[in-house]
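Trainee: What follows is the file my_file.txt, containing compact mmCIF, C-alpha atoms and all ligand atoms:
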```
# COMPACT_ATOMS: atom_id res chain seq x y z
CA MET M 1 -3.80 -24.90 -24.58
CA SER M 2 -7.49 -24.15 -24.82
CA THR M 3 -9.10 -22.04 -27.51
CA VAL M 4 -10.33 -18.53 -26.86
CA SER M 5 -13.94 -19.63 -26.56
CA SER M 6 -13.24 -22.47 -24.16
CA SER M 7 -10.96 -20.38 -21.97
CA ARG M 8 -13.71 -17.76 -21.83
CA ALA M 9 -16.26 -20.39 -20.83
CA SER M 10 -14.00 -21.83 -18.15
CA ALA M 11 -13.12 -18.36 -16.87
CA LEU M 12 -16.76 -17.58 -16.17
CA ALA M 13 -17.04 -20.45 -13.71
CA PRO M 14 -16.59 -20.64 -10.87
CA ARG M 15 -17.63 -17.19 -9.69
CA ILE M 16 -17.21 -15.80 -6.23
CA ASP M 17 -20.22 -15.00 -4.03
CA GLY M 18 -20.25 -11.20 -3.90
CA ARG M 19 -22.82 -10.99 -1.15
CA ARG M 20 -20.90 -13.38 1.10
CA LEU M 21 -17.69 -11.40 0.54
CA TRP M 22 -19.49 -8.14 1.35
CA ARG M 23 -20.90 -9.65 4.56
CA SER M 24 -17.41 -10.73 5.64
CA LEU M 25 -16.09 -7.21 4.98
CA MET M 26 -18.85 -5.67 7.09
CA ASP M 27 -18.42 -8.28 9.87
CA LEU M 28 -14.69 -7.59 10.10
CA ALA M 29 -15.28 -3.82 9.98
CA ALA M 30 -17.38 -4.11 13.15
CA ILE M 31 -14.16 -4.76 15.09
CA GLY M 32 -12.82 -1.29 15.83
CA ALA M 33 -15.75 0.43 14.10
CA THR M 34 -15.77 4.23 14.37
CA PRO M 35 -18.86 6.47 14.60
CA LYS M 36 -18.32 7.83 11.10
CA GLY M 37 -18.40 4.36 9.53
CA GLY M 38 -14.66 3.73 9.47
CA VAL M 39 -12.35 1.38 11.33
CA SER M 40 -9.61 2.03 13.90
CA ARG M 41 -7.64 -1.17 14.39
CA LEU M 42 -3.98 -0.37 14.93
CA ALA M 43 -1.35 -3.08 14.51
CA LEU M 44 -0.82 -5.45 17.46
CA THR M 45 -3.54 -3.93 19.65
CA ASP M 46 -6.25 -6.06 21.22
CA LEU M 47 -8.57 -5.01 18.38
CA ASP M 48 -5.99 -6.28 15.88
CA ARG M 49 -6.01 -9.58 17.80
CA GLN M 50 -9.80 -9.74 17.57
CA GLY M 51 -9.66 -9.05 13.82
CA ARG M 52 -6.98 -11.72 13.29
CA ASP M 53 -8.91 -14.23 15.43
CA ARG M 54 -12.05 -13.69 13.40
CA VAL M 55 -10.40 -14.06 9.99
CA ILE M 56 -8.40 -17.11 11.10
CA GLY M 57 -11.63 -18.67 12.35
CA TRP M 58 -13.16 -18.19 8.90
CA LEU M 59 -10.09 -19.57 7.14
CA ARG M 60 -10.02 -22.62 9.45
CA ASP M 61 -13.71 -23.22 8.83
CA ALA M 62 -12.87 -23.14 5.11
CA GLY M 63 -10.41 -26.00 5.68
CA CYS M 64 -7.12 -24.06 5.63
CA ALA M 65 -4.06 -24.97 7.68
CA ILE M 66 -2.81 -21.94 9.63
CA GLU M 67 0.84 -21.05 10.29
CA ILE M 68 2.22 -17.94 11.98
CA ASP M 69 5.77 -16.64 11.73
CA GLY M 70 8.03 -14.80 14.19
CA VAL M 71 6.73 -11.32 13.28
CA GLY M 72 3.07 -12.38 13.33
CA ASN M 73 2.54 -12.85 9.59
CA ILE M 74 -0.25 -15.40 9.11
CA PHE M 75 -0.31 -17.99 6.31
CA ALA M 76 -3.48 -19.96 5.58
CA THR M 77 -3.02 -22.78 3.08
CA ARG M 78 -5.49 -24.89 1.13
CA ALA M 79 -3.79 -28.09 0.00
CA GLY M 80 -3.40 -28.95 -3.67
CA HIS M 81 -2.81 -32.29 -5.43
CA ASP M 82 0.92 -31.63 -5.51
CA ALA M 83 2.00 -31.24 -1.90
CA LYS M 84 5.53 -30.24 -2.90
CA ALA M 85 4.51 -27.43 -5.25
CA PRO M 86 5.06 -23.85 -4.05
CA VAL M 87 1.90 -22.05 -2.98
CA VAL M 88 -0.04 -19.54 -5.10
CA LEU M 89 -0.53 -16.85 -2.49
CA THR M 90 -2.81 -13.85 -2.09
CA GLY M 91 -3.45 -11.58 0.89
CA SER M 92 -2.93 -8.14 2.37
CA HIS M 93 -3.30 -6.67 5.87
CA VAL M 94 -6.02 -6.21 8.52
CA ASP M 95 -4.40 -3.41 10.54
CA THR M 96 -5.75 0.05 9.76
CA GLN M 97 -4.89 3.72 10.21
CA PRO M 98 -6.27 5.38 13.41
CA SER M 99 -9.12 6.79 11.30
CA GLY M 100 -9.05 4.17 8.56
CA GLY M 101 -11.68 2.56 6.37
CA LYS M 102 -13.29 -0.83 5.91
CA PHE M 103 -11.55 -1.79 2.67
CA ASP M 104 -7.85 -0.89 2.74
CA GLY M 105 -6.06 -4.20 3.32
CA ASN M 106 -9.14 -5.97 4.62
CA TYR M 107 -10.43 -6.33 1.08
CA GLY M 108 -7.34 -8.20 -0.10
CA VAL M 109 -7.47 -10.64 2.81
CA LEU M 110 -11.20 -11.30 2.57
CA ALA M 111 -11.11 -11.58 -1.22
CA GLY M 112 -8.56 -14.36 -0.59
CA LEU M 113 -10.92 -16.00 1.91
CA GLU M 114 -13.70 -15.76 -0.67
CA VAL M 115 -11.46 -17.45 -3.26
CA ILE M 116 -10.96 -20.38 -0.85
CA ARG M 117 -14.69 -20.61 -0.05
CA THR M 118 -15.55 -20.53 -3.77
CA LEU M 119 -13.09 -23.34 -4.57
CA ASN M 120 -14.66 -25.37 -1.75
CA ASP M 121 -18.19 -24.76 -3.07
CA ALA M 122 -17.13 -25.73 -6.59
CA GLY M 123 -15.39 -28.87 -5.35
CA ILE M 124 -12.16 -27.86 -7.08
CA THR M 125 -8.80 -29.19 -5.94
CA THR M 126 -6.01 -27.18 -7.53
CA ARG M 127 -2.73 -28.75 -8.56
CA LYS M 128 -0.58 -26.34 -6.51
CA PRO M 129 -1.70 -25.25 -3.05
CA VAL M 130 -3.36 -21.84 -2.73
CA GLY M 131 -3.05 -19.61 0.28
CA VAL M 132 -3.95 -16.36 2.00
CA ALA M 133 -1.44 -14.22 3.90
CA ILE M 134 -2.18 -11.58 6.52
CA TRP M 135 0.90 -9.36 6.78
CA THR M 136 1.64 -7.65 10.10
CA ASN M 137 1.71 -3.86 10.47
CA GLU M 138 1.34 -2.76 6.86
CA GLU M 139 0.17 0.72 7.82
CA GLY M 140 3.21 1.71 9.87
CA SER M 141 0.98 3.86 12.01
CA ARG M 142 1.79 2.44 15.45
CA PHE M 143 5.23 1.03 14.62
CA VAL M 144 7.64 1.98 11.85
CA PRO M 145 8.55 0.85 9.27
CA VAL M 146 5.46 0.61 7.06
CA MET M 147 4.98 -2.82 5.48
CA GLY M 148 7.17 -4.22 8.24
CA GLY M 149 5.78 -7.78 8.19
CA SER M 150 6.06 -8.28 4.45
CA GLY M 151 9.40 -6.47 4.46
CA ALA M 152 10.79 -8.87 7.06
CA PHE M 153 9.40 -11.80 5.05
CA ALA M 154 11.23 -10.55 1.96
CA GLY M 155 14.45 -10.04 3.92
CA VAL M 156 14.38 -6.25 3.60
CA PHE M 157 14.38 -5.75 7.40
CA PRO M 158 16.11 -7.96 9.96
CA VAL M 159 13.60 -9.63 12.30
CA GLU M 160 15.39 -8.25 15.39
CA LYS M 161 14.99 -4.69 14.08
CA ILE M 162 11.25 -5.17 13.56
CA LEU M 163 10.77 -6.71 17.02
CA ALA M 164 12.71 -3.89 18.69
CA GLU M 165 10.68 -1.01 17.20
CA ARG M 166 8.74 0.94 19.83
CA ASP M 167 5.44 2.81 19.69
CA VAL M 168 4.93 6.31 21.18
CA ASP M 169 4.26 4.75 24.60
CA GLY M 170 7.55 2.86 24.52
CA VAL M 171 5.95 -0.57 23.97
CA SER M 172 8.08 -2.75 21.72
CA PHE M 173 6.72 -4.52 18.65
CA GLY M 174 7.94 -7.82 20.11
CA ASP M 175 6.13 -7.32 23.45
CA ALA M 176 2.94 -6.19 21.73
CA LEU M 177 3.10 -9.23 19.43
CA GLU M 178 3.45 -11.61 22.39
CA ALA M 179 0.73 -9.80 24.33
CA ILE M 180 -1.83 -10.53 21.62
CA GLY M 181 -0.57 -14.13 21.23
CA TYR M 182 0.64 -13.83 17.67
CA LYS M 183 4.36 -14.53 17.90
CA GLY M 184 4.50 -17.72 15.85
CA ALA M 185 7.11 -20.46 15.58
CA LEU M 186 7.47 -20.33 11.80
CA PRO M 187 10.76 -18.78 10.58
CA VAL M 188 10.30 -15.40 8.90
CA GLY M 189 10.72 -15.68 5.12
CA GLY M 190 12.31 -18.47 3.14
CA ARG M 191 8.91 -19.74 2.03
CA ALA M 192 8.68 -20.77 -1.62
CA LEU M 193 5.91 -18.95 -3.46
CA ASP M 194 4.73 -19.75 -6.96
CA ALA M 195 3.21 -16.27 -7.24
CA TYR M 196 1.60 -13.54 -5.17
CA PHE M 197 -1.51 -11.58 -6.19
CA GLU M 198 -2.91 -8.80 -4.00
CA ALA M 199 -6.35 -7.25 -4.51
CA HIS M 200 -6.69 -3.72 -3.15
CA ILE M 201 -8.76 -0.57 -3.50
CA GLU M 202 -7.01 1.94 -5.73
CA GLN M 203 -6.80 4.68 -3.05
CA GLY M 204 -6.84 7.18 -5.92
CA PRO M 205 -9.42 8.57 -8.36
CA ILE M 206 -8.30 7.22 -11.76
CA LEU M 207 -10.42 4.06 -12.15
CA GLU M 208 -13.59 5.75 -10.93
CA HIS M 209 -13.00 8.76 -13.18
CA GLU M 210 -12.45 6.59 -16.25
CA GLU M 211 -15.25 4.17 -15.28
CA LYS M 212 -12.92 1.17 -15.25
CA THR M 213 -13.71 -1.76 -12.96
CA ILE M 214 -10.25 -3.31 -12.76
CA GLY M 215 -6.80 -1.77 -12.52
CA LEU M 216 -4.05 -4.01 -13.92
CA VAL M 217 -1.26 -2.85 -11.64
CA THR M 218 2.07 -2.90 -13.46
CA GLY M 219 4.17 -1.57 -10.60
CA THR M 220 4.57 1.16 -8.05
CA LEU M 221 6.11 4.61 -8.10
CA GLY M 222 9.68 5.07 -7.03
CA LEU M 223 9.97 7.54 -4.19
CA ARG M 224 12.49 9.94 -2.71
CA TRP M 225 12.01 11.92 0.49
CA TYR M 226 13.97 15.03 1.39
CA ASP M 227 14.40 17.26 4.42
CA CYS M 228 15.16 20.82 3.31
CA LEU M 229 16.47 23.65 5.43
CA TRP M 230 16.27 27.27 4.25
CA SER M 231 18.45 29.66 6.24
CA GLY M 232 18.33 33.44 6.13
CA GLU M 233 18.28 35.94 8.95
CA ASP M 234 15.66 36.82 11.57
CA ALA M 235 14.91 40.54 11.35
CA HIS M 236 12.37 43.07 12.60
CA ALA M 237 9.41 43.41 10.22
CA GLY M 238 9.37 47.23 10.60
CA PRO M 239 12.88 48.66 10.60
CA THR M 240 14.34 46.16 8.08
CA PRO M 241 13.98 47.48 4.50
CA MET M 242 12.77 44.99 1.91
CA GLU M 243 16.04 44.95 -0.01
CA ALA M 244 18.06 44.20 3.13
CA ARG M 245 16.18 41.03 4.06
CA HIS M 246 17.21 37.39 3.94
CA ASP M 247 13.71 35.93 4.20
CA ALA M 248 13.90 32.14 4.41
CA LEU M 249 10.15 31.79 3.89
CA ARG M 250 10.38 33.50 0.48
CA GLY M 251 12.84 30.82 -0.56
CA ALA M 252 10.57 28.10 0.78
CA ALA M 253 7.54 29.61 -0.97
CA ARG M 254 9.29 29.70 -4.33
CA PHE M 255 10.53 26.17 -3.73
CA VAL M 256 6.96 24.90 -3.18
CA GLU M 257 6.05 26.27 -6.61
CA ALA M 258 9.24 24.84 -8.11
CA VAL M 259 8.45 21.35 -6.75
CA ASN M 260 4.99 21.46 -8.31
CA ALA M 261 6.31 22.74 -11.64
CA LEU M 262 8.98 20.05 -11.58
CA ALA M 263 6.41 17.27 -11.14
CA LEU M 264 4.35 18.73 -13.99
CA ARG M 265 7.40 18.65 -16.29
CA PHE M 266 7.41 14.87 -15.66
CA ALA M 267 3.65 14.47 -16.27
CA PRO M 268 1.58 12.34 -16.23
CA ASP M 269 3.45 10.06 -13.81
CA GLY M 270 5.62 12.52 -11.87
CA ARG M 271 4.53 13.60 -8.38
CA GLY M 272 5.95 16.36 -6.22
CA THR M 273 4.63 17.31 -2.79
CA VAL M 274 5.61 19.61 0.03
CA GLY M 275 3.54 18.40 2.98
CA PHE M 276 5.42 19.69 5.99
CA MET M 277 6.80 23.12 6.81
CA GLN M 278 8.09 24.70 9.98
CA VAL M 279 8.72 28.45 10.04
CA LYS M 280 11.02 30.00 12.61
CA PRO M 281 10.56 32.03 14.66
CA ASN M 282 6.94 31.98 13.35
CA SER M 283 6.07 35.40 14.69
CA ARG M 284 3.99 37.95 12.83
CA ASN M 285 6.47 40.82 13.09
CA VAL M 286 9.68 38.90 12.43
CA VAL M 287 11.17 38.17 8.99
CA PRO M 288 11.56 34.35 9.11
CA GLY M 289 15.19 33.31 9.38
CA THR M 290 14.70 29.54 9.11
CA VAL M 291 12.28 27.23 7.34
CA ARG M 292 12.33 23.44 7.48
CA MET M 293 10.28 21.63 4.87
CA SER M 294 9.79 18.20 3.37
CA VAL M 295 9.73 17.21 -0.29
CA ASP M 296 8.25 13.96 -1.61
CA LEU M 297 9.11 13.09 -5.24
CA ARG M 298 7.72 10.03 -7.07
CA HIS M 299 7.95 8.48 -10.53
CA PRO M 300 7.51 4.93 -11.88
CA ASP M 301 10.82 5.15 -13.79
CA ASP M 302 13.94 5.26 -11.60
CA GLY M 303 15.90 7.09 -14.32
CA LYS M 304 13.28 9.83 -14.52
CA LEU M 305 13.21 10.02 -10.73
CA ALA M 306 16.97 10.58 -10.73
CA ALA M 307 16.45 13.37 -13.27
CA MET M 308 13.79 14.89 -10.99
CA ASP M 309 16.28 14.69 -8.12
CA ALA M 310 18.88 16.61 -10.15
CA GLU M 311 16.37 19.31 -11.10
CA LEU M 312 15.22 19.61 -7.48
CA THR M 313 18.75 20.28 -6.24
CA ALA M 314 19.51 22.70 -9.08
CA GLY M 315 16.22 24.53 -8.46
CA ALA M 316 16.98 24.98 -4.76
CA ARG M 317 20.45 26.30 -5.60
CA ALA M 318 19.05 28.84 -8.08
CA ILE M 319 16.42 30.14 -5.66
CA ALA M 320 18.95 30.37 -2.81
CA SER M 321 21.39 32.34 -4.91
CA ASP M 322 18.67 34.67 -6.21
CA LEU M 323 17.40 35.46 -2.70
CA GLN M 324 20.80 35.33 -0.98
CA LEU M 325 19.81 32.44 1.24
CA GLN M 326 21.32 29.08 2.15
CA CYS M 327 19.48 25.92 1.29
CA GLU M 328 20.35 22.40 2.28
CA VAL M 329 18.49 19.58 0.50
CA LYS M 330 19.05 16.25 2.23
CA GLN M 331 17.64 12.99 0.88
CA VAL M 332 16.33 10.96 3.84
CA ALA M 333 14.55 8.02 2.19
CA GLN M 334 14.46 6.26 -1.15
CA PHE M 335 12.36 3.47 -2.62
CA SER M 336 13.11 2.18 -6.09
CA ALA M 337 10.22 1.89 -8.50
CA CYS M 338 8.79 -1.63 -8.48
CA ARG M 339 7.85 -3.37 -11.72
CA PHE M 340 5.51 -6.29 -11.23
CA ASP M 341 5.97 -9.60 -13.04
CA SER M 342 4.70 -9.35 -16.62
CA GLY M 343 3.38 -12.92 -16.50
CA CYS M 344 1.29 -12.19 -13.40
CA VAL M 345 0.04 -8.92 -14.93
CA SER M 346 -1.00 -10.87 -18.06
CA GLN M 347 -2.87 -13.42 -15.95
CA VAL M 348 -4.79 -10.63 -14.23
CA ARG M 349 -5.54 -9.03 -17.61
CA ALA M 350 -6.76 -12.34 -19.08
CA ALA M 351 -9.09 -12.88 -16.12
CA ALA M 352 -10.52 -9.34 -16.37
CA ASN M 353 -11.06 -9.78 -20.14
CA ALA M 354 -12.72 -13.16 -19.66
CA PHE M 355 -15.32 -11.52 -17.45
CA GLY M 356 -15.65 -8.54 -19.78
CA TYR M 357 -14.71 -6.09 -17.04
CA PRO M 358 -13.44 -2.72 -18.32
CA SER M 359 -9.81 -2.42 -17.24
CA ARG M 360 -6.67 -0.36 -17.69
CA GLU M 361 -3.05 -0.61 -16.70
CA ILE M 362 -2.23 1.49 -13.66
CA VAL M 363 0.78 2.33 -11.50
CA SER M 364 0.24 2.32 -7.75
CA GLY M 365 1.04 5.61 -6.07
CA ALA M 366 0.98 4.02 -2.62
CA GLY M 367 3.16 1.33 -1.08
CA HIS M 368 1.72 -2.14 -0.53
CA ASP M 369 2.87 -5.47 0.90
CA ALA M 370 3.07 -6.67 -2.72
CA VAL M 371 6.03 -4.34 -3.27
CA TYR M 372 8.16 -6.33 -0.83
CA VAL M 373 6.77 -9.73 -1.75
CA ALA M 374 7.68 -8.88 -5.38
CA ARG M 375 11.35 -9.17 -4.33
CA VAL M 376 10.96 -12.89 -3.62
CA ALA M 377 8.14 -14.06 -5.92
CA PRO M 378 6.43 -13.21 -9.22
CA THR M 379 3.81 -10.66 -8.13
CA SER M 380 1.09 -8.35 -9.34
CA MET M 381 -1.90 -6.50 -7.94
CA ILE M 382 -5.56 -6.02 -8.82
CA PHE M 383 -7.08 -2.61 -8.12
CA ILE M 384 -10.76 -1.78 -7.85
CA PRO M 385 -12.18 1.77 -7.71
CA CYS M 386 -12.92 3.42 -4.38
CA THR M 387 -15.45 6.20 -4.05
CA GLY M 388 -13.93 9.62 -4.74
CA GLY M 389 -10.48 8.04 -4.54
CA ILE M 390 -10.73 8.52 -0.76
CA SER M 391 -8.67 6.27 1.51
CA HIS M 392 -6.93 6.39 4.92
CA ASN M 393 -10.21 7.98 5.92
CA GLU M 394 -13.31 6.75 7.73
CA LEU M 395 -15.38 7.64 4.65
CA GLU M 396 -13.43 5.17 2.47
CA ASP M 397 -15.99 3.27 0.39
CA ALA M 398 -16.26 0.85 -2.53
CA ARG M 399 -19.15 -0.44 -4.62
CA PRO M 400 -20.29 -4.06 -4.05
CA GLU M 401 -20.12 -4.86 -7.79
CA HIS M 402 -16.48 -3.71 -7.93
CA VAL M 403 -15.62 -5.67 -4.78
CA GLU M 404 -17.12 -8.74 -6.45
CA ALA M 405 -15.40 -8.14 -9.80
CA GLY M 406 -11.95 -7.77 -8.24
CA ALA M 407 -12.36 -11.04 -6.34
CA ASN M 408 -13.50 -12.85 -9.50
CA VAL M 409 -10.35 -11.64 -11.26
CA LEU M 410 -8.24 -12.72 -8.29
CA LEU M 411 -9.87 -16.16 -8.29
CA HIS M 412 -9.15 -16.79 -11.96
CA ALA M 413 -5.64 -15.37 -11.93
CA MET M 414 -4.87 -17.72 -9.03
CA LEU M 415 -6.57 -20.67 -10.75
CA THR M 416 -4.49 -20.07 -13.87
CA ARG M 417 -1.30 -20.24 -11.77
CA ALA M 418 -2.38 -23.11 -9.55
CA GLY M 419 -3.87 -25.31 -12.28
CA VAL M 420 -6.87 -27.56 -11.84
CA GLY M 421 -6.61 -31.32 -11.48
CA ALA M 422 -3.82 -33.70 -10.63
ZN ZN M 501 -3.40 -1.28 2.29
```
Re-express the file's structure as structure tokens.
Ligand SMILES: [Zn+2]
Mentor:
Amino acid sequence: MSTVSSSRASALAPRIDGRRLWRSLMDLAAIGATPKGGVSRLALTDLDRQGRDRVIGWLRDAGCAIEIDGVGNIFATRAGHDAKAPVVLTGSHVDTQPSGGKFDGNYGVLAGLEVIRTLNDAGITTRKPVGVAIWTNEEGSRFVPVMGGSGAFAGVFPVEKILAERDVDGVSFGDALEAIGYKGALPVGGRALDAYFEAHIEQGPILEHEEKTIGLVTGTLGLRWYDCLWSGEDAHAGPTPMEARHDALRGAARFVEAVNALALRFAPDGRGTVGFMQVKPNSRNVVPGTVRMSVDLRHPDDGKLAAMDAELTAGARAIASDLQLQCEVKQVAQFSACRFDSGCVSQVRAAANAFGYPSREIVSGAGHDAVYVARVAPTSMIFIPCTGGISHNELEDARPEHVEAGANVLLHAMLTRAGVGA
């Protein structure tokens, strides 16, 4: 193995072309551009087709072979010396939220393109092949489930289930996929990967706040979703004395506070959110008899998340008994915490250090394609700061120097895996 000084020297070259990468990001963002500077390019729409066409054109021009699987996932591959070696893959998604930004997903794909272009410019042939994936329907905005393409690739969802999903207009995923010409012949999944690295904006405020350029993503938060139903009794707001009421909204209000206090007891990584509430009958002079509400709990440690779950249920029971209400807490979704591969995380760290970029370990609060790919290949992610931590918003923004730094780290993490020379 090389010495520290020689690995530092080799890590500083090649470097990606930050201005070229930025231009590609802005060119792609023109497809589905919104007046406020964002992007609206929902999965499997004609705009999604235009975005895919453009990126595939760039990848082809960079010498990549293109393959497309049965759910529309796209794989671009740059050959290595060893044709039989599994590919070192990067990528992300190019679909966006209805009022999305220019960077979410698009950055990971175009950083991959920039890696390929840089290897071409430097005349480097890697030992293992390197590739860029564009996963279908990461956002889950038009079709559920979120991260459907990468999930199908990893065997989490059956292909037939993904193809049968319908949007609000009743159009099936399968029909939409065929309509834009992206139903490929390649089987879904079963592709050997040496590793998967995904570059992404943080979508949170931590890196910017701490003035770090690179987030070394060690995993993602585990998540549990609940539907809660508080039941009391509708009653007239005038004639019903305070002590005779069974006010479901009082229970819900206390529960909102309890969920927040619960997350704080599991600080700094615990999260607790009530984001949806429906009050019935929702009339100003009626004591509310029913409240439906959601709870979203997250933690990077599955054991701690289970403890949060137990406290949530006990808290609801205590409030219900105190206020003489009924409360039903039903878990409706669960994602285990994902721990990325320590080898891949180390390779990202080494690349960030070689460039002298300030970095820190970070846990992703959002889901990403990498979470599913991690089930079938050693995986990690590279985060860069985004302005104000704002994402899923037309105002989403990132600084050119951070965009460049993240792609340099991606390039060298991939080079370390792929190896240079025969
Ligand atoms: Zn994304």
Trainee: What does the list of residues within 7 Å of ligand ZN 501 (chain M) look like if you count all atoms listed in the file, written as an MDAnalysis selection string?
Mentor: chainID M and resid 92:93 104:105 138:139 200 368
Trainee: So which residues touch M:Gly367 within 9 Å, counting all atoms listed in the file, skipping near sequence neighbours fewer than 6 positions away, as a PyMOL selection string?
Mentor: chain M and resi 146-147+220-221
Trainee: Tell me, as a ChimeraX atom specification, which residues lie within 8 Å of M:Gln331, counting only C-alpha atoms; anything in the same chain fewer than 6 positions away does not count.
Mentor: /M:224-227
Trainee: I'd like the interatomic distance between atom CA of M:Glu328 and atom CA of M:Gly365, to a tenth of an Å.
Mentor: 26.9 Å
Trainee: Just want the 10 Å neighbourhood of M:Glu396, counted on all atoms listed in the file, with same-chain residues fewer than 4 positions away dropped. Output as a list in words.
Mentor: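 Everything that qualifies: Gly37, Gly38, Val39, Ser99, Gly100, Gly101, Lys102, Phe103, Asp104, Ile201, Gln203, Cys386, Thr387, Gly388, Gly389, Ile390, Ser391 and His392 of chain M.
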Trainee: Enter the distance from atom CA of M:Val87 to atom CA of M:Tyr196, in Å, rounded to one decimal.
Mentor: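 So the answer is 8.8 Å.
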Trainee: Separation of atom CA of M:Leu312 and atom CA of M:Met293, in Å?
Mentor: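 That distance, rounded to one decimal, is 13.5 Å.
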Trainee: Skip stretch 65-73 of chain M itself and residues of its chain fewer than 3 positions away, then list as a PyMOL selection string all residues within 8 Å of it, counting all atoms listed in the file.
Mentor: chain M and resi 56+60+76-78+133-136+149-150+152+159+162-163+174+177+182-188
Trainee: Ranking M:Gly222, M:Gly251, M:Gly190, M:Gly356 by minimum distance to M:Leu305 and counting only C-alpha atoms, which one comes first?
Mentor: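 For M:Leu305, the nearest of the given residues is M:Gly222.
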Trainee: Counting only C-alpha atoms, which of M:Val132, M:Met277, M:Leu119, M:Ala83 gets nearest to M:Asp17?
Mentor: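 Counting only C-alpha atoms, the residue closest to M:Asp17 is M:Leu119.
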Trainee: Which one is closest to M:Ala377: M:Ala29, M:Ala154, M:Ala235, M:Val287? Count all atoms listed in the file.
Mentor: M:Ala154
Trainee: Residues near M:Asn282, anyone? I mean within 12 Å using all atoms listed in the file, not counting same-chain ones fewer than 6 positions away, as a PyMOL selection string.
Mentor: chain M and resi 234-235+248-249+288-292
Trainee: Go ahead and write the selection's residues with C-alpha atoms as a PDB file, in the coordinates of the input.
Mentor:
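result_7.pdb written:
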```pdb
ATOM      1  CA  ASP M 234      15.660  36.820  11.570  1.00  0.00           C
ATOM      2  CA  ALA M 235      14.910  40.540  11.350  1.00  0.00           C
ATOM      3  CA  ALA M 248      13.900  32.140   4.410  1.00  0.00           C
ATOM      4  CA  LEU M 249      10.150  31.790   3.890  1.00  0.00           C
ATOM      5  CA  PRO M 288      11.560  34.350   9.110  1.00  0.00           C
ATOM      6  CA  GLY M 289      15.190  33.310   9.380  1.00  0.00           C
ATOM      7  CA  THR M 290      14.700  29.540   9.110  1.00  0.00           C
ATOM      8  CA  VAL M 291      12.280  27.230   7.340  1.00  0.00           C
ATOM      9  CA  ARG M 292      12.330  23.440   7.480  1.00  0.00           C
TER      10      ARG M 292
END
```
Trainee: Closest to M:Arg250 among M:Ala350, M:Val279, M:Ala413, M:Ile124, using all atoms listed in the file?
Mentor: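 Using all atoms listed in the file, the shortest distance to M:Arg250 belongs to M:Val279.
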Trainee: Of the candidates M:Ala244, M:Val156, M:Val295, M:Leu395, which shows the shortest atom-to-atom distance to M:Gln324, using all atoms listed in the file?
Mentor: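 Closest residue, counting all atoms listed in the file: M:Ala244.
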